[in-house]
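Containing mmCIF, C-alpha atoms: run_29.cif.
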```
data_work
loop_
_atom_site.group_PDB
_atom_site.id
_atom_site.type_symbol
_atom_site.label_atom_id
_atom_site.label_comp_id
_atom_site.auth_asym_id
_atom_site.auth_seq_id
_atom_site.Cartn_x
_atom_site.Cartn_y
_atom_site.Cartn_z
ATOM 1 C CA ASN D 14 -12.183 -7.448 -2.178
ATOM 2 C CA LEU D 15 -8.391 -7.915 -2.147
ATOM 3 C CA ARG D 16 -6.877 -8.002 -5.637
ATOM 4 C CA PHE D 17 -3.327 -8.918 -6.642
ATOM 5 C CA TYR D 18 -1.767 -7.941 -9.969
ATOM 6 C CA ASN D 19 1.595 -8.926 -11.402
ATOM 7 C CA ILE D 20 3.161 -10.028 -8.103
ATOM 8 C CA GLU D 21 3.663 -13.749 -8.695
ATOM 9 C CA GLN D 22 6.752 -13.357 -10.870
ATOM 10 C CA PHE D 23 8.829 -11.419 -8.322
ATOM 11 C CA LYS D 24 10.872 -12.519 -5.341
ATOM 12 C CA VAL D 25 11.798 -9.937 -2.714
ATOM 13 C CA VAL D 26 14.849 -10.367 -0.507
ATOM 14 C CA GLY D 27 15.000 -8.316 2.669
ATOM 15 C CA ASN D 28 14.394 -8.210 6.382
ATOM 16 C CA LYS D 29 11.240 -10.283 6.885
ATOM 17 C CA VAL D 30 10.083 -8.454 10.030
ATOM 18 C CA GLN D 31 10.541 -4.998 8.494
ATOM 19 C CA LEU D 32 8.763 -6.005 5.289
ATOM 20 C CA GLU D 33 5.881 -7.472 7.289
ATOM 21 C CA GLN D 34 5.585 -4.223 9.268
ATOM 22 C CA ILE D 35 5.533 -2.144 6.097
ATOM 23 C CA PHE D 36 2.832 -4.243 4.433
ATOM 24 C CA LEU D 37 0.774 -4.557 7.605
ATOM 25 C CA ASN D 38 0.783 -0.760 8.060
ATOM 26 C CA LEU D 39 -0.146 -0.132 4.420
ATOM 27 C CA LEU D 40 -2.981 -2.672 4.557
ATOM 28 C CA ASN D 41 -4.266 -1.330 7.885
ATOM 29 C CA ASN D 42 -4.360 2.183 6.398
ATOM 30 C CA ALA D 43 -6.212 0.890 3.347
ATOM 31 C CA PHE D 44 -8.727 -1.030 5.501
ATOM 32 C CA ASP D 45 -9.356 2.121 7.562
ATOM 33 C CA ALA D 46 -9.908 4.163 4.391
ATOM 34 C CA ILE D 47 -12.569 1.821 3.004
ATOM 35 C CA GLU D 48 -14.245 0.609 6.194
ATOM 36 C CA PHE D 49 -17.515 2.479 5.728
ATOM 37 C CA LEU D 50 -17.654 2.569 1.920
ATOM 38 C CA PRO D 51 -20.193 0.547 -0.064
ATOM 39 C CA ASP D 52 -17.558 -0.399 -2.690
ATOM 40 C CA LYS D 53 -14.578 -1.839 -0.791
ATOM 41 C CA TRP D 54 -11.453 -3.000 -2.599
ATOM 42 C CA ILE D 55 -7.689 -3.021 -2.176
ATOM 43 C CA GLU D 56 -5.230 -3.702 -4.990
ATOM 44 C CA ILE D 57 -1.617 -4.774 -4.584
ATOM 45 C CA SER D 58 0.562 -4.688 -7.684
ATOM 46 C CA ALA D 59 4.241 -4.815 -8.556
ATOM 47 C CA HIS D 60 6.175 -3.239 -11.416
ATOM 48 C CA GLU D 61 9.826 -3.362 -12.390
ATOM 49 C CA SER D 62 11.641 -0.059 -12.739
ATOM 50 C CA GLY D 63 15.205 -0.651 -13.848
ATOM 51 C CA ASN D 64 16.819 -2.762 -11.148
ATOM 52 C CA ARG D 65 14.107 -1.924 -8.597
ATOM 53 C CA LEU D 66 10.711 -3.332 -7.789
ATOM 54 C CA GLN D 67 7.910 -0.880 -7.094
ATOM 55 C CA ILE D 68 5.029 -2.243 -5.051
ATOM 56 C CA TYR D 69 1.744 -0.338 -5.050
ATOM 57 C CA VAL D 70 -1.109 -0.558 -2.567
ATOM 58 C CA LYS D 71 -4.255 1.159 -3.846
ATOM 59 C CA ASP D 72 -7.730 1.265 -2.311
ATOM 60 C CA SER D 73 -11.202 2.572 -3.124
ATOM 61 C CA GLY D 74 -10.951 5.298 -0.480
ATOM 62 C CA ALA D 75 -11.149 9.017 -1.235
ATOM 63 C CA GLY D 76 -7.413 9.597 -0.821
ATOM 64 C CA ILE D 77 -5.439 11.944 1.379
ATOM 65 C CA PRO D 78 -6.639 15.574 1.432
ATOM 66 C CA ALA D 79 -4.129 17.949 -0.208
ATOM 67 C CA GLU D 80 -3.477 19.924 2.996
ATOM 68 C CA ILE D 81 -2.477 16.731 4.812
ATOM 69 C CA ALA D 82 -0.529 15.237 1.892
ATOM 70 C CA GLN D 83 1.878 18.199 2.003
ATOM 71 C CA LYS D 84 2.838 17.409 5.600
ATOM 72 C CA ILE D 85 2.496 13.633 5.767
ATOM 73 C CA MET D 86 6.241 12.919 5.545
ATOM 74 C CA GLU D 87 7.130 15.388 8.317
ATOM 75 C CA PRO D 88 8.318 13.691 11.511
ATOM 76 C CA PHE D 89 5.628 13.326 14.214
ATOM 77 C CA TYR D 90 2.854 14.714 12.004
#
```

Could you quickly redo this structure as structure tokens?
Amino acid sequence: NLRFYNIEQFKVVGNKVQLEQIFLNLLNNAFDAIEFLPDKWIEISAHESGNRLQIYVKDSGAGIPAEIAQKIMEPFY
């Protein structure tokens, strides 16, 4: 189940190829996280924050374990 919330009112300007890569990677990660779950869903939502747009991708997966979350932004982890 792919759900969209509050995204219709926004227009994003940027490099199309880079944006496609970002969203494709986020969706692939979400699909991997829910692949074997009985309740499968992914939500994409957008929220304004000042002059920025924050886009959220959320899924029904268990999340990233704390020990991995600490290192996930390290290069080559």

Next on the checklist: Taking the file as I've supplied it (selection: the PyMOL selection byres ((chain D and resi 20) around 9)), which residues are included? Please answer as a list in words.
Outcome noted: Phe17, Tyr18, Asn19, Glu21, Gln22, Phe23, Lys24, Ile57, Ser58, Ala59, His60 and Ile68 of chain D

Checklist entry - CA of Glu33 in chain D and CA of Lys71 in chain D are how many Å apart? => result 17.4 Å

Next on the checklist: With distances taken over only C-alpha atoms, which residue among D:Ala79, D:Glu87, D:Ile55, D:Val26 lies nearest Leu39 in chain D?
Outcome noted: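 That would be D:Ile55, the residue with the smallest distance to Leu39 in chain D.
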
Item to check | Separation of CA of Val70 in chain D from CA of Ala43 in chain D, in Å and rounded to one decimal | outcome: 7.9 Å

Item to check | Computed interatomic separation between CA of Ser73 in chain D and CA of Asn41 in chain D (Å) | outcome: 13.6 Å

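Taking all atoms listed in the file into account, Asp52 in chain D lies nearest to D:Gly74 out of the set D:Ala82, D:Gly74, D:Val30, D:Arg65.
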